[in-house]
Amino acid sequence: MDTSAEVLNPYARFLGGRDPLTVLRETPVRLQGLTHAIGPAGVTVAPAPGKWTASEILCHLADVEIAFGFRLRQILAEDHHVIQPFDQERWAAPYSGIAAGEALSAFSALRHWNLLLIEHALPLQASRPVTHPERGTMTFQTVVETMAGHDLNHKAQLEQIAAKLRNASRPAG
């Protein structure tokens, strides 16, 4: 199995050398600001056909924070743990009925809880191994870096939505 950084962490390119813990700490505040910038009317508008709305992205982030939290705890609790992948599109089925603010609150609380675990575990547990069935053997640190890159990927999507709405509201001329 290919063990290159991009295979182990498909979000590595978003991280670009940034400290993952800094990214993880900053994300809830940045999401709050972007949600405010997008506004209540904008959070339910898809940026393009087939793309998630800002509200759906926030729901996804809350769900993924649950998944990452479980994975991190399993890595620390079990030797040779194998991560269970999930189908994000199936998890997204109920998102249209969940308010952006509720998703953001859930994400922020879960992130705080996960950061407490991560900060307690690092650096001692950084090299603790885990296997992802699609990506191969990785470490606790790789999962933390994946979380941060995933944050940055979706933050960029929300920034694009905010910019599109900002540009649409400007008067022509």
# chains A, B, ... in the order shown; residues from 1 in each chain; ligands from 1

call {"tool": "residues_around", "arguments": {"residues": "A:Ala92", "least_positions_apart": "4", "cutoff": "12 Å", "atoms": "only C-alpha atoms", "output": "list in words"}}
result
Lys51, Trp52, Thr53, Ser55, Glu56, Ile57, Leu58, Cys59, His60, Leu61, Ala62, Asp63, Val64, Phe86, Asp87, Gln88, Ser96, Gly97 and Ile98 of chain A

call {"tool": "write_last_selection", "arguments": {"atoms": "N, CA, C and O atoms", "output": "short mmCIF file (atom, residue, chain, number, x, y, z; two decimals), in the first residue's frame"}}
result
data_model
loop_
_atom_site.label_atom_id
_atom_site.label_comp_id
_atom_site.auth_asym_id
_atom_site.auth_seq_id
_atom_site.Cartn_x
_atom_site.Cartn_y
_atom_site.Cartn_z
N LYS A 51 -23.49 21.08 -4.71
CA LYS A 51 -22.53 21.43 -3.66
C LYS A 51 -23.27 21.68 -2.35
O LYS A 51 -24.41 22.11 -2.33
N TRP A 52 -22.58 21.43 -1.25
CA TRP A 52 -23.17 21.65 0.05
C TRP A 52 -23.31 23.13 0.36
O TRP A 52 -22.47 23.95 -0.03
N THR A 53 -24.37 23.47 1.07
CA THR A 53 -24.54 24.83 1.59
C THR A 53 -23.59 25.03 2.77
O THR A 53 -23.01 24.07 3.29
N SER A 55 -24.45 25.74 5.73
CA SER A 55 -25.05 25.02 6.85
C SER A 55 -24.70 23.54 6.79
O SER A 55 -24.37 22.92 7.81
N GLU A 56 -24.76 22.94 5.61
CA GLU A 56 -24.42 21.53 5.46
C GLU A 56 -22.93 21.28 5.73
O GLU A 56 -22.57 20.25 6.31
N ILE A 57 -22.08 22.22 5.34
CA ILE A 57 -20.65 22.09 5.65
C ILE A 57 -20.44 22.10 7.16
O ILE A 57 -19.67 21.30 7.70
N LEU A 58 -21.14 22.98 7.86
CA LEU A 58 -21.02 23.04 9.32
C LEU A 58 -21.53 21.75 9.96
O LEU A 58 -20.93 21.25 10.92
N CYS A 59 -22.60 21.19 9.44
CA CYS A 59 -23.11 19.90 9.94
C CYS A 59 -22.07 18.80 9.71
O CYS A 59 -21.81 17.98 10.60
N HIS A 60 -21.48 18.81 8.53
CA HIS A 60 -20.45 17.83 8.21
C HIS A 60 -19.27 17.96 9.18
O HIS A 60 -18.76 16.95 9.68
N LEU A 61 -18.85 19.18 9.45
CA LEU A 61 -17.74 19.38 10.38
C LEU A 61 -18.07 18.86 11.77
O LEU A 61 -17.22 18.25 12.43
N ALA A 62 -19.30 19.06 12.22
CA ALA A 62 -19.72 18.53 13.53
C ALA A 62 -19.68 17.00 13.52
O ALA A 62 -19.17 16.37 14.45
N ASP A 63 -20.22 16.40 12.46
CA ASP A 63 -20.20 14.94 12.35
C ASP A 63 -18.78 14.39 12.32
O ASP A 63 -18.46 13.41 12.99
N VAL A 64 -17.94 15.03 11.53
CA VAL A 64 -16.56 14.56 11.40
C VAL A 64 -15.81 14.72 12.71
O VAL A 64 -14.94 13.91 13.05
N PHE A 86 -16.41 5.89 6.83
CA PHE A 86 -17.85 6.13 6.77
C PHE A 86 -18.18 6.86 5.48
O PHE A 86 -17.32 7.48 4.86
N ASP A 87 -19.43 6.77 5.07
CA ASP A 87 -19.91 7.41 3.85
C ASP A 87 -20.47 8.78 4.20
O ASP A 87 -21.57 8.89 4.74
N GLN A 88 -19.71 9.83 3.90
CA GLN A 88 -20.12 11.18 4.29
C GLN A 88 -21.43 11.60 3.63
O GLN A 88 -22.19 12.38 4.21
N SER A 96 -30.25 18.96 6.05
CA SER A 96 -31.15 20.07 5.66
C SER A 96 -32.08 20.48 6.81
O SER A 96 -32.58 21.59 6.82
N GLY A 97 -32.28 19.60 7.77
CA GLY A 97 -33.16 19.92 8.89
C GLY A 97 -32.44 20.46 10.11
O GLY A 97 -33.06 20.65 11.16
N ILE A 98 -31.14 20.72 10.00
CA ILE A 98 -30.35 21.18 11.14
C ILE A 98 -29.86 22.60 10.89
O ILE A 98 -29.30 22.89 9.84
#

call {"tool": "select_by_dssp", "arguments": {"residues": "stretch 38-166 of chain A", "states": "helix (DSSP H, G or I)", "output": "JSON, numbers by chain"}}
result
{"A": [38, 39, 40, 41, 42, 54, 55, 56, 57, 58, 59, 60, 61, 62, 63, 64, 65, 66, 67, 68, 69, 70, 71, 72, 73, 74, 75, 76, 77, 88, 89, 90, 91, 95, 96, 97, 100, 101, 102, 103, 104, 105, 106, 107, 108, 109, 110, 111, 112, 113, 114, 115, 116, 117, 118, 119, 120, 121, 140, 141, 142, 143, 144, 145, 146, 147, 148, 149, 150, 151, 152, 153, 154, 155, 156, 157, 158, 159, 160, 161, 162, 163, 164, 165, 166]}

call {"tool": "write_last_selection", "arguments": {"atoms": "C-alpha atoms", "output": "short mmCIF file (atom, residue, chain, number, x, y, z; two decimals), in the first residue's frame"}}
result
data_model
loop_
_atom_site.label_atom_id
_atom_site.label_comp_id
_atom_site.auth_asym_id
_atom_site.auth_seq_id
_atom_site.Cartn_x
_atom_site.Cartn_y
_atom_site.Cartn_z
CA ILE A 38 -22.41 34.53 5.26
CA GLY A 39 -25.51 35.45 7.27
CA PRO A 40 -28.75 33.63 8.06
CA ALA A 41 -30.06 33.88 4.51
CA GLY A 42 -26.81 32.77 2.91
CA ALA A 54 -22.62 26.56 4.38
CA SER A 55 -25.05 25.02 6.85
CA GLU A 56 -24.42 21.53 5.46
CA ILE A 57 -20.65 22.09 5.65
CA LEU A 58 -21.02 23.04 9.32
CA CYS A 59 -23.11 19.90 9.94
CA HIS A 60 -20.45 17.83 8.21
CA LEU A 61 -17.74 19.38 10.38
CA ALA A 62 -19.72 18.53 13.53
CA ASP A 63 -20.20 14.94 12.35
CA VAL A 64 -16.56 14.56 11.40
CA GLU A 65 -15.50 15.91 14.78
CA ILE A 66 -17.43 13.04 16.35
CA ALA A 67 -15.70 10.56 14.02
CA PHE A 68 -12.23 12.00 14.63
CA GLY A 69 -12.82 12.07 18.37
CA PHE A 70 -13.78 8.41 18.35
CA ARG A 71 -10.80 7.52 16.19
CA LEU A 72 -8.36 9.37 18.44
CA ARG A 73 -9.74 7.64 21.53
CA GLN A 74 -9.59 4.23 19.87
CA ILE A 75 -5.96 4.81 18.82
CA LEU A 76 -5.03 5.57 22.42
CA ALA A 77 -7.12 2.76 23.93
CA GLN A 88 -20.12 11.18 4.29
CA GLU A 89 -22.97 11.49 1.80
CA ARG A 90 -25.13 9.07 3.81
CA TRP A 91 -24.25 10.89 7.01
CA TYR A 95 -28.40 18.01 7.31
CA SER A 96 -31.15 20.07 5.66
CA GLY A 97 -33.16 19.92 8.89
CA ALA A 100 -26.17 26.20 11.06
CA GLY A 101 -25.94 27.61 14.57
CA GLU A 102 -26.75 24.24 16.11
CA ALA A 103 -24.07 22.55 14.00
CA LEU A 104 -21.52 25.22 14.88
CA SER A 105 -22.29 24.92 18.60
CA ALA A 106 -21.92 21.14 18.47
CA PHE A 107 -18.67 21.39 16.50
CA SER A 108 -17.19 23.95 18.90
CA ALA A 109 -18.02 21.90 21.99
CA LEU A 110 -16.70 18.68 20.46
CA ARG A 111 -13.54 20.43 19.23
CA HIS A 112 -12.85 21.75 22.72
CA TRP A 113 -13.23 18.24 24.14
CA ASN A 114 -11.05 16.69 21.43
CA LEU A 115 -8.36 19.33 21.90
CA LEU A 116 -8.14 18.46 25.59
CA LEU A 117 -7.45 14.86 24.61
CA ILE A 118 -4.97 15.76 21.86
CA GLU A 119 -3.03 18.22 24.01
CA HIS A 120 -2.82 15.64 26.80
CA ALA A 121 -1.68 12.86 24.40
CA PHE A 140 -2.00 9.50 16.00
CA GLN A 141 -0.09 12.58 14.73
CA THR A 142 -1.21 11.89 11.15
CA VAL A 143 -4.83 11.82 12.29
CA VAL A 144 -4.35 15.16 14.09
CA GLU A 145 -2.79 16.62 10.93
CA THR A 146 -5.67 15.21 8.86
CA MET A 147 -8.15 16.97 11.15
CA ALA A 148 -6.36 20.29 10.68
CA GLY A 149 -6.13 19.92 6.89
CA HIS A 150 -9.79 18.93 6.75
CA ASP A 151 -10.65 22.09 8.72
CA LEU A 152 -8.70 24.25 6.28
CA ASN A 153 -10.34 22.62 3.26
CA HIS A 154 -13.83 23.39 4.52
CA LYS A 155 -12.86 26.82 5.83
CA ALA A 156 -11.74 27.67 2.29
CA GLN A 157 -15.12 26.50 0.95
CA LEU A 158 -16.93 28.74 3.46
CA GLU A 159 -14.65 31.66 2.52
CA GLN A 160 -15.61 31.15 -1.13
CA ILE A 161 -19.31 31.15 -0.22
CA ALA A 162 -18.86 34.34 1.83
CA ALA A 163 -16.95 36.03 -1.01
CA LYS A 164 -19.57 35.01 -3.58
CA LEU A 165 -22.37 36.43 -1.41
CA ARG A 166 -20.36 39.60 -0.75
#

call {"tool": "closest_residue", "arguments": {"among": "A:Val45, A:Ala99, A:Ser169, A:His80", "to": "A:Pro129", "atoms": "only C-alpha atoms"}}
result
A:His80

call {"tool": "select_by_dssp", "arguments": {"residues": "stretch 5-151 of chain A", "states": "strand (DSSP E)", "output": "list in words"}}
result
Pro129, Val130, Thr131, His132, Gly136, Thr137, Met138 and Thr139 of chain A

call {"tool": "atom_distance", "arguments": {"atom1": "atom CA of A:Pro133", "atom2": "atom CA of A:Ile83"}}
result
7.0 Å

call {"tool": "closest_residue", "arguments": {"among": "A:Arg30, A:Val43, A:Thr139, A:His81", "to": "A:Pro123", "atoms": "only C-alpha atoms"}}
result
A:Thr139

call {"tool": "closest_residue", "arguments": {"among": "A:Leu122, A:Ser127, A:Pro49, A:Glu134", "to": "A:Pro85", "atoms": "only C-alpha atoms"}}
result
A:Glu134

call {"tool": "atom_distance", "arguments": {"atom1": "atom CA of A:Pro10", "atom2": "atom CA of A:Thr44"}}
result
27.4 Å

call {"tool": "decode", "arguments": {"residues": "stretch 43-75 of chain A", "atoms": "C-alpha atoms", "output": "PDB file, in the first residue's frame"}}
result
ATOM      1  CA  VAL A  43     -26.140  29.636   4.975  1.00  0.00           C
ATOM      2  CA  THR A  44     -28.867  27.684   3.185  1.00  0.00           C
ATOM      3  CA  VAL A  45     -27.879  28.644  -0.372  1.00  0.00           C
ATOM      4  CA  ALA A  46     -25.801  26.119  -2.310  1.00  0.00           C
ATOM      5  CA  PRO A  47     -22.837  27.779  -4.046  1.00  0.00           C
ATOM      6  CA  ALA A  48     -23.421  25.584  -7.114  1.00  0.00           C
ATOM      7  CA  PRO A  49     -25.678  22.673  -8.082  1.00  0.00           C
ATOM      8  CA  GLY A  50     -24.735  19.555  -6.142  1.00  0.00           C
ATOM      9  CA  LYS A  51     -22.530  21.434  -3.658  1.00  0.00           C
ATOM     10  CA  TRP A  52     -23.172  21.654   0.054  1.00  0.00           C
ATOM     11  CA  THR A  53     -24.544  24.829   1.585  1.00  0.00           C
ATOM     12  CA  ALA A  54     -22.616  26.559   4.377  1.00  0.00           C
ATOM     13  CA  SER A  55     -25.048  25.018   6.851  1.00  0.00           C
ATOM     14  CA  GLU A  56     -24.415  21.529   5.460  1.00  0.00           C
ATOM     15  CA  ILE A  57     -20.649  22.091   5.650  1.00  0.00           C
ATOM     16  CA  LEU A  58     -21.020  23.038   9.321  1.00  0.00           C
ATOM     17  CA  CYS A  59     -23.109  19.904   9.939  1.00  0.00           C
ATOM     18  CA  HIS A  60     -20.445  17.829   8.207  1.00  0.00           C
ATOM     19  CA  LEU A  61     -17.742  19.380  10.375  1.00  0.00           C
ATOM     20  CA  ALA A  62     -19.715  18.533  13.527  1.00  0.00           C
ATOM     21  CA  ASP A  63     -20.204  14.939  12.355  1.00  0.00           C
ATOM     22  CA  VAL A  64     -16.562  14.555  11.401  1.00  0.00           C
ATOM     23  CA  GLU A  65     -15.496  15.915  14.778  1.00  0.00           C
ATOM     24  CA  ILE A  66     -17.433  13.039  16.350  1.00  0.00           C
ATOM     25  CA  ALA A  67     -15.699  10.558  14.023  1.00  0.00           C
ATOM     26  CA  PHE A  68     -12.232  12.003  14.626  1.00  0.00           C
ATOM     27  CA  GLY A  69     -12.823  12.071  18.373  1.00  0.00           C
ATOM     28  CA  PHE A  70     -13.782   8.413  18.352  1.00  0.00           C
ATOM     29  CA  ARG A  71     -10.795   7.517  16.186  1.00  0.00           C
ATOM     30  CA  LEU A  72      -8.360   9.372  18.442  1.00  0.00           C
ATOM     31  CA  ARG A  73      -9.735   7.645  21.529  1.00  0.00           C
ATOM     32  CA  GLN A  74      -9.590   4.226  19.866  1.00  0.00           C
ATOM     33  CA  ILE A  75      -5.962   4.813  18.815  1.00  0.00           C
TER      34      ILE A  75
END
